[in-house]
Amino acid sequence: PELRFAGFDHLVIKGKADGPVYLWIHDGEIEIRDASGIWGENIFDTQELVKDELGDPEVKVLCIGVAGEKLVRFANVMTGMKNAAGRTGMGAVMGSKNLKAIAVRGTMGLEIRFPEESLEYNRQLIEHIGSTKFAQIMQKWGTMFIYGVTNTTGLVRVRNFQLNQQIGGNIECEHIEKYSLGTEGCYGCIIHCRHKYQIKNGPYAGTYAEGPEYTSQGAFGMEVDCNNFETILVGNHLVNMYGVDTLEIGSMIAWAMELYEKGILTDEDT
Ligand code: SF4
């Protein structure tokens, strides 16, 4: 809602900048600023660098990573650690315009026509949503809880669609407990469905990220038939850092693996 707080309902961005730029939108004003200093930066660093430059940690930043800059067809537009507008290549559209990021800060507030009634309606919604079994499970495990159902019933794709079930699959949501530092939520949501996690030991010690969603569990677990939960955590971190669609990446890796197994892709090709 930051854009609305800044006085805008939506943006239409036409044309292409001569060089890297970002938009700075604040309380009714829009500035085009030089982004050459952040071009090439990953999703996490881009957001921090923009906030530093603008001198306000409350600024919300939507941006592309290196994938969007390089016009990868399944590049995402990202906000925060993991929130992605994915699957349609919108990151490549931003990259094609040399638009690295859109930073927004709004303090204009919202006029509410019936404030008391709205509050009461909100209270009822929270009560209703919070009492559902679905919300309670989501609060604990996030979308990863879906894996148990879909894998058991053969509704997943494994080894580039060669199988519809991960035989002996052991990437259940409960594994996240070992790495979780607590949960995080989107603006105004009571569910807080994503885990903040950190890998504490091994070659990826120190890796911090949020999630993973069921889709990353699918990409780096089911699609490639991998039973190592840490691989999912690292894969999730990498796709979010580069700003690229997690399911597309998982499918491509699984496809390449099958090609290699069948001898169509060889060591000479890689
Ligand atoms: S925190 Fe709430 S709004 Fe955000 S993804 Fe989870 S359930 Fe959806």
# chains A, B, ... in the order shown; residues from 1 in each chain; ligands from 1
>>> residues_near_ligand(ligand="ligand 1", cutoff="8 Å", atoms="only C-alpha atoms and all ligand atoms", output="PyMOL selection string")
chain A and resi 135+138-139+142+184-194
>>> residues_around(residues="Met144 (chain A)", least_positions_apart="3", cutoff="9 Å", atoms="only C-alpha atoms", output="compact mmCIF listing (two decimals) with N, CA and C atoms, in the first residue's frame")
# COMPACT_ATOMS: atom_id res chain seq x y z
N MET A 138 -0.91 -22.75 8.06
CA MET A 138 -0.05 -21.82 7.32
C MET A 138 0.86 -21.04 8.27
N TRP A 141 3.66 -23.65 9.15
CA TRP A 141 4.54 -24.24 8.15
C TRP A 141 4.62 -23.48 6.83
N TYR A 147 3.20 -30.12 0.47
CA TYR A 147 4.01 -31.21 -0.07
C TYR A 147 3.51 -32.60 0.35
N GLY A 148 3.20 -32.75 1.64
CA GLY A 148 2.78 -34.06 2.14
C GLY A 148 1.58 -34.60 1.38
N GLU A 172 9.73 -32.85 3.95
CA GLU A 172 8.53 -32.33 4.61
C GLU A 172 8.81 -30.99 5.29
N CYS A 173 7.72 -30.24 5.49
CA CYS A 173 7.83 -28.90 6.06
C CYS A 173 8.50 -28.87 7.43
N GLU A 174 8.38 -29.97 8.19
CA GLU A 174 8.93 -29.98 9.55
C GLU A 174 10.43 -29.73 9.59
N GLY A 211 11.21 -17.96 3.61
CA GLY A 211 10.49 -19.00 2.90
C GLY A 211 10.92 -20.36 3.44
N PRO A 212 11.17 -21.34 2.60
CA PRO A 212 10.83 -21.31 1.18
C PRO A 212 9.34 -21.61 0.98
N GLU A 213 8.83 -21.20 -0.15
CA GLU A 213 7.46 -21.56 -0.51
C GLU A 213 7.45 -22.99 -1.05
N TYR A 214 6.25 -23.51 -1.18
CA TYR A 214 6.06 -24.84 -1.77
C TYR A 214 6.69 -24.90 -3.17
N THR A 215 6.65 -23.78 -3.88
CA THR A 215 7.20 -23.77 -5.24
C THR A 215 8.71 -24.03 -5.25
N SER A 216 9.42 -23.46 -4.27
CA SER A 216 10.86 -23.74 -4.21
C SER A 216 11.13 -25.16 -3.73
N GLN A 217 10.26 -25.64 -2.86
CA GLN A 217 10.34 -27.04 -2.44
C GLN A 217 10.19 -27.93 -3.69
>>> select_by_dssp(residues="region 178-256 of chain A", states="alpha helix (DSSP H)", output="PyMOL selection string")
chain A and resi 214-217+229-242+246-256
>>> select_by_dssp(residues="region 204-251 of chain A", states="strand (DSSP E)", output="list in words")
Tyr208, Ala209, Glu210 and Gly211 of chain A
>>> write_last_selection(atoms="C-alpha atoms", output="PDB file, in the first residue's frame")
ATOM      1  CA  TYR A 208      19.909 -16.186   5.515  1.00  0.00           C
ATOM      2  CA  ALA A 209      16.645 -16.015   3.583  1.00  0.00           C
ATOM      3  CA  GLU A 210      12.875 -16.246   3.929  1.00  0.00           C
ATOM      4  CA  GLY A 211      10.485 -19.002   2.901  1.00  0.00           C
TER       5      GLY A 211
END
>>> closest_residue(among="A:Gly89, A:Gly182, A:Gly218, A:Gly55", to="Thr150 (chain A)", atoms="only C-alpha atoms")
A:Gly218
>>> residues_around(residues="Leu238 (chain A)", least_positions_apart="2", cutoff="12 Å", atoms="only C-alpha atoms", output="ChimeraX atom specification")
/A:42-44,65-67,81-82,204,207-210,212,216,220,231-236,240-246,249-250
>>> closest_residue(among="A:Leu265, A:Ala219, A:Ala75, A:Val61", to="Glu48 (chain A)", atoms="only C-alpha atoms")
A:Val61
>>> residues_around(residues="Asn164 (chain A)", least_positions_apart="3", cutoff="8 Å", atoms="only C-alpha atoms", output="list in words")
Asn151, Gly154, Leu155, Val156, Arg157, Val158 and Phe161 of chain A
>>> closest_residue(among="A:Ile167, A:Glu69, A:Met78, A:Arg4", to="Val93 (chain A)", atoms="only C-alpha atoms")
A:Glu69
>>> closest_residue(among="A:Ser118, A:Asn98, A:Thr107, A:Ser36", to="Val59 (chain A)", atoms="only C-alpha atoms")
A:Thr107
>>> decode(residues="region 10-55 of chain A", atoms="N, CA and C atoms", output="PDB file, in the first residue's frame")
ATOM      1  N   HIS A  10      -1.741   3.559  -9.459  1.00  0.00           N
ATOM      2  CA  HIS A  10      -0.970   2.667 -10.313  1.00  0.00           C
ATOM      3  C   HIS A  10       0.002   3.479 -11.165  1.00  0.00           C
ATOM      4  N   LEU A  11       0.944   2.769 -11.763  1.00  0.00           N
ATOM      5  CA  LEU A  11       1.952   3.428 -12.596  1.00  0.00           C
ATOM      6  C   LEU A  11       1.902   2.855 -14.004  1.00  0.00           C
ATOM      7  N   VAL A  12       2.109   3.690 -14.990  1.00  0.00           N
ATOM      8  CA  VAL A  12       2.294   3.234 -16.366  1.00  0.00           C
ATOM      9  C   VAL A  12       3.656   3.759 -16.804  1.00  0.00           C
ATOM     10  N   ILE A  13       4.554   2.859 -17.124  1.00  0.00           N
ATOM     11  CA  ILE A  13       5.921   3.266 -17.462  1.00  0.00           C
ATOM     12  C   ILE A  13       6.149   3.024 -18.947  1.00  0.00           C
ATOM     13  N   LYS A  14       6.376   4.092 -19.676  1.00  0.00           N
ATOM     14  CA  LYS A  14       6.549   3.988 -21.122  1.00  0.00           C
ATOM     15  C   LYS A  14       7.991   4.304 -21.500  1.00  0.00           C
ATOM     16  N   GLY A  15       8.432   3.734 -22.608  1.00  0.00           N
ATOM     17  CA  GLY A  15       9.742   4.083 -23.147  1.00  0.00           C
ATOM     18  C   GLY A  15      10.889   3.419 -22.422  1.00  0.00           C
ATOM     19  N   LYS A  16      12.096   3.910 -22.716  1.00  0.00           N
ATOM     20  CA  LYS A  16      13.315   3.306 -22.175  1.00  0.00           C
ATOM     21  C   LYS A  16      14.306   4.410 -21.820  1.00  0.00           C
ATOM     22  N   ALA A  17      14.920   4.283 -20.672  1.00  0.00           N
ATOM     23  CA  ALA A  17      15.924   5.271 -20.264  1.00  0.00           C
ATOM     24  C   ALA A  17      17.224   5.026 -21.027  1.00  0.00           C
ATOM     25  N   ASP A  18      18.034   6.068 -21.178  1.00  0.00           N
ATOM     26  CA  ASP A  18      19.313   5.921 -21.885  1.00  0.00           C
ATOM     27  C   ASP A  18      20.302   5.071 -21.094  1.00  0.00           C
ATOM     28  N   GLY A  19      20.202   5.131 -19.786  1.00  0.00           N
ATOM     29  CA  GLY A  19      21.087   4.343 -18.924  1.00  0.00           C
ATOM     30  C   GLY A  19      20.309   3.892 -17.709  1.00  0.00           C
ATOM     31  N   PRO A  20      20.960   3.159 -16.789  1.00  0.00           N
ATOM     32  CA  PRO A  20      20.256   2.646 -15.609  1.00  0.00           C
ATOM     33  C   PRO A  20      19.651   3.762 -14.754  1.00  0.00           C
ATOM     34  N   VAL A  21      18.396   3.587 -14.411  1.00  0.00           N
ATOM     35  CA  VAL A  21      17.710   4.567 -13.560  1.00  0.00           C
ATOM     36  C   VAL A  21      16.837   3.835 -12.548  1.00  0.00           C
ATOM     37  N   TYR A  22      16.426   4.579 -11.530  1.00  0.00           N
ATOM     38  CA  TYR A  22      15.343   4.084 -10.683  1.00  0.00           C
ATOM     39  C   TYR A  22      14.378   5.223 -10.406  1.00  0.00           C
ATOM     40  N   LEU A  23      13.162   4.876 -10.076  1.00  0.00           N
ATOM     41  CA  LEU A  23      12.149   5.885  -9.770  1.00  0.00           C
ATOM     42  C   LEU A  23      12.074   6.082  -8.271  1.00  0.00           C
ATOM     43  N   TRP A  24      11.971   7.318  -7.863  1.00  0.00           N
ATOM     44  CA  TRP A  24      11.795   7.636  -6.443  1.00  0.00           C
ATOM     45  C   TRP A  24      10.451   8.356  -6.318  1.00  0.00           C
ATOM     46  N   ILE A  25       9.514   7.678  -5.708  1.00  0.00           N
ATOM     47  CA  ILE A  25       8.145   8.181  -5.602  1.00  0.00           C
ATOM     48  C   ILE A  25       7.856   8.500  -4.142  1.00  0.00           C
ATOM     49  N   HIS A  26       7.497   9.739  -3.875  1.00  0.00           N
ATOM     50  CA  HIS A  26       7.247  10.107  -2.476  1.00  0.00           C
ATOM     51  C   HIS A  26       6.229  11.238  -2.414  1.00  0.00           C
ATOM     52  N   ASP A  27       5.178  10.981  -1.689  1.00  0.00           N
ATOM     53  CA  ASP A  27       4.134  11.976  -1.416  1.00  0.00           C
ATOM     54  C   ASP A  27       3.793  12.870  -2.610  1.00  0.00           C
ATOM     55  N   GLY A  28       3.302  12.235  -3.654  1.00  0.00           N
ATOM     56  CA  GLY A  28       2.808  12.984  -4.811  1.00  0.00           C
ATOM     57  C   GLY A  28       3.865  13.353  -5.835  1.00  0.00           C
ATOM     58  N   GLU A  29       5.110  13.007  -5.592  1.00  0.00           N
ATOM     59  CA  GLU A  29       6.170  13.375  -6.537  1.00  0.00           C
ATOM     60  C   GLU A  29       6.881  12.138  -7.076  1.00  0.00           C
ATOM     61  N   ILE A  30       7.344  12.247  -8.326  1.00  0.00           N
ATOM     62  CA  ILE A  30       8.102  11.155  -8.936  1.00  0.00           C
ATOM     63  C   ILE A  30       9.399  11.722  -9.506  1.00  0.00           C
ATOM     64  N   GLU A  31      10.518  11.138  -9.108  1.00  0.00           N
ATOM     65  CA  GLU A  31      11.820  11.552  -9.641  1.00  0.00           C
ATOM     66  C   GLU A  31      12.456  10.373 -10.362  1.00  0.00           C
ATOM     67  N   ILE A  32      13.176  10.674 -11.433  1.00  0.00           N
ATOM     68  CA  ILE A  32      13.978   9.646 -12.101  1.00  0.00           C
ATOM     69  C   ILE A  32      15.421   9.858 -11.662  1.00  0.00           C
ATOM     70  N   ARG A  33      16.013   8.832 -11.052  1.00  0.00           N
ATOM     71  CA  ARG A  33      17.367   8.986 -10.501  1.00  0.00           C
ATOM     72  C   ARG A  33      18.335   8.001 -11.142  1.00  0.00           C
ATOM     73  N   ASP A  34      19.590   8.372 -11.111  1.00  0.00           N
ATOM     74  CA  ASP A  34      20.651   7.546 -11.689  1.00  0.00           C
ATOM     75  C   ASP A  34      20.805   6.242 -10.895  1.00  0.00           C
ATOM     76  N   ALA A  35      20.821   5.121 -11.604  1.00  0.00           N
ATOM     77  CA  ALA A  35      20.987   3.825 -10.931  1.00  0.00           C
ATOM     78  C   ALA A  35      22.262   3.122 -11.378  1.00  0.00           C
ATOM     79  N   SER A  36      23.181   3.863 -11.993  1.00  0.00           N
ATOM     80  CA  SER A  36      24.388   3.189 -12.489  1.00  0.00           C
ATOM     81  C   SER A  36      25.186   2.570 -11.342  1.00  0.00           C
ATOM     82  N   GLY A  37      25.079   3.151 -10.141  1.00  0.00           N
ATOM     83  CA  GLY A  37      25.815   2.624  -8.987  1.00  0.00           C
ATOM     84  C   GLY A  37      25.238   1.329  -8.442  1.00  0.00           C
ATOM     85  N   ILE A  38      23.993   1.026  -8.789  1.00  0.00           N
ATOM     86  CA  ILE A  38      23.394  -0.215  -8.262  1.00  0.00           C
ATOM     87  C   ILE A  38      23.129  -1.245  -9.364  1.00  0.00           C
ATOM     88  N   TRP A  39      23.397  -0.879 -10.605  1.00  0.00           N
ATOM     89  CA  TRP A  39      23.236  -1.838 -11.709  1.00  0.00           C
ATOM     90  C   TRP A  39      24.219  -2.986 -11.490  1.00  0.00           C
ATOM     91  N   GLY A  40      23.748  -4.191 -11.555  1.00  0.00           N
ATOM     92  CA  GLY A  40      24.622  -5.347 -11.304  1.00  0.00           C
ATOM     93  C   GLY A  40      24.503  -5.883  -9.889  1.00  0.00           C
ATOM     94  N   GLU A  41      23.812  -5.151  -9.029  1.00  0.00           N
ATOM     95  CA  GLU A  41      23.664  -5.619  -7.640  1.00  0.00           C
ATOM     96  C   GLU A  41      22.510  -6.617  -7.538  1.00  0.00           C
ATOM     97  N   ASN A  42      22.599  -7.485  -6.532  1.00  0.00           N
ATOM     98  CA  ASN A  42      21.527  -8.464  -6.350  1.00  0.00           C
ATOM     99  C   ASN A  42      20.307  -7.815  -5.681  1.00  0.00           C
ATOM    100  N   ILE A  43      19.257  -8.602  -5.556  1.00  0.00           N
ATOM    101  CA  ILE A  43      17.985  -8.085  -5.034  1.00  0.00           C
ATOM    102  C   ILE A  43      18.134  -7.509  -3.625  1.00  0.00           C
ATOM    103  N   PHE A  44      18.829  -8.222  -2.768  1.00  0.00           N
ATOM    104  CA  PHE A  44      18.932  -7.771  -1.375  1.00  0.00           C
ATOM    105  C   PHE A  44      19.748  -6.483  -1.279  1.00  0.00           C
ATOM    106  N   ASP A  45      20.915  -6.492  -1.921  1.00  0.00           N
ATOM    107  CA  ASP A  45      21.799  -5.324  -1.827  1.00  0.00           C
ATOM    108  C   ASP A  45      21.178  -4.103  -2.508  1.00  0.00           C
ATOM    109  N   THR A  46      20.478  -4.330  -3.614  1.00  0.00           N
ATOM    110  CA  THR A  46      19.842  -3.204  -4.308  1.00  0.00           C
ATOM    111  C   THR A  46      18.904  -2.458  -3.369  1.00  0.00           C
ATOM    112  N   GLN A  47      18.086  -3.224  -2.653  1.00  0.00           N
ATOM    113  CA  GLN A  47      17.119  -2.570  -1.768  1.00  0.00           C
ATOM    114  C   GLN A  47      17.818  -1.783  -0.663  1.00  0.00           C
ATOM    115  N   GLU A  48      18.864  -2.372  -0.109  1.00  0.00           N
ATOM    116  CA  GLU A  48      19.574  -1.680   0.979  1.00  0.00           C
ATOM    117  C   GLU A  48      20.299  -0.441   0.465  1.00  0.00           C
ATOM    118  N   LEU A  49      20.905  -0.559  -0.726  1.00  0.00           N
ATOM    119  CA  LEU A  49      21.639   0.587  -1.279  1.00  0.00           C
ATOM    120  C   LEU A  49      20.696   1.747  -1.594  1.00  0.00           C
ATOM    121  N   VAL A  50      19.515   1.422  -2.115  1.00  0.00           N
ATOM    122  CA  VAL A  50      18.546   2.485  -2.423  1.00  0.00           C
ATOM    123  C   VAL A  50      18.073   3.157  -1.130  1.00  0.00           C
ATOM    124  N   LYS A  51      17.787   2.353  -0.124  1.00  0.00           N
ATOM    125  CA  LYS A  51      17.346   2.934   1.162  1.00  0.00           C
ATOM    126  C   LYS A  51      18.436   3.817   1.754  1.00  0.00           C
ATOM    127  N   ASP A  52      19.687   3.344   1.658  1.00  0.00           N
ATOM    128  CA  ASP A  52      20.807   4.147   2.181  1.00  0.00           C
ATOM    129  C   ASP A  52      20.903   5.474   1.443  1.00  0.00           C
ATOM    130  N   GLU A  53      20.807   5.393   0.109  1.00  0.00           N
ATOM    131  CA  GLU A  53      20.942   6.613  -0.688  1.00  0.00           C
ATOM    132  C   GLU A  53      19.840   7.616  -0.352  1.00  0.00           C
ATOM    133  N   LEU A  54      18.642   7.088  -0.101  1.00  0.00           N
ATOM    134  CA  LEU A  54      17.514   7.977   0.192  1.00  0.00           C
ATOM    135  C   LEU A  54      17.439   8.331   1.679  1.00  0.00           C
ATOM    136  N   GLY A  55      18.263   7.668   2.470  1.00  0.00           N
ATOM    137  CA  GLY A  55      18.352   8.013   3.888  1.00  0.00           C
ATOM    138  C   GLY A  55      17.116   7.689   4.689  1.00  0.00           C
TER     139      GLY A  55
END
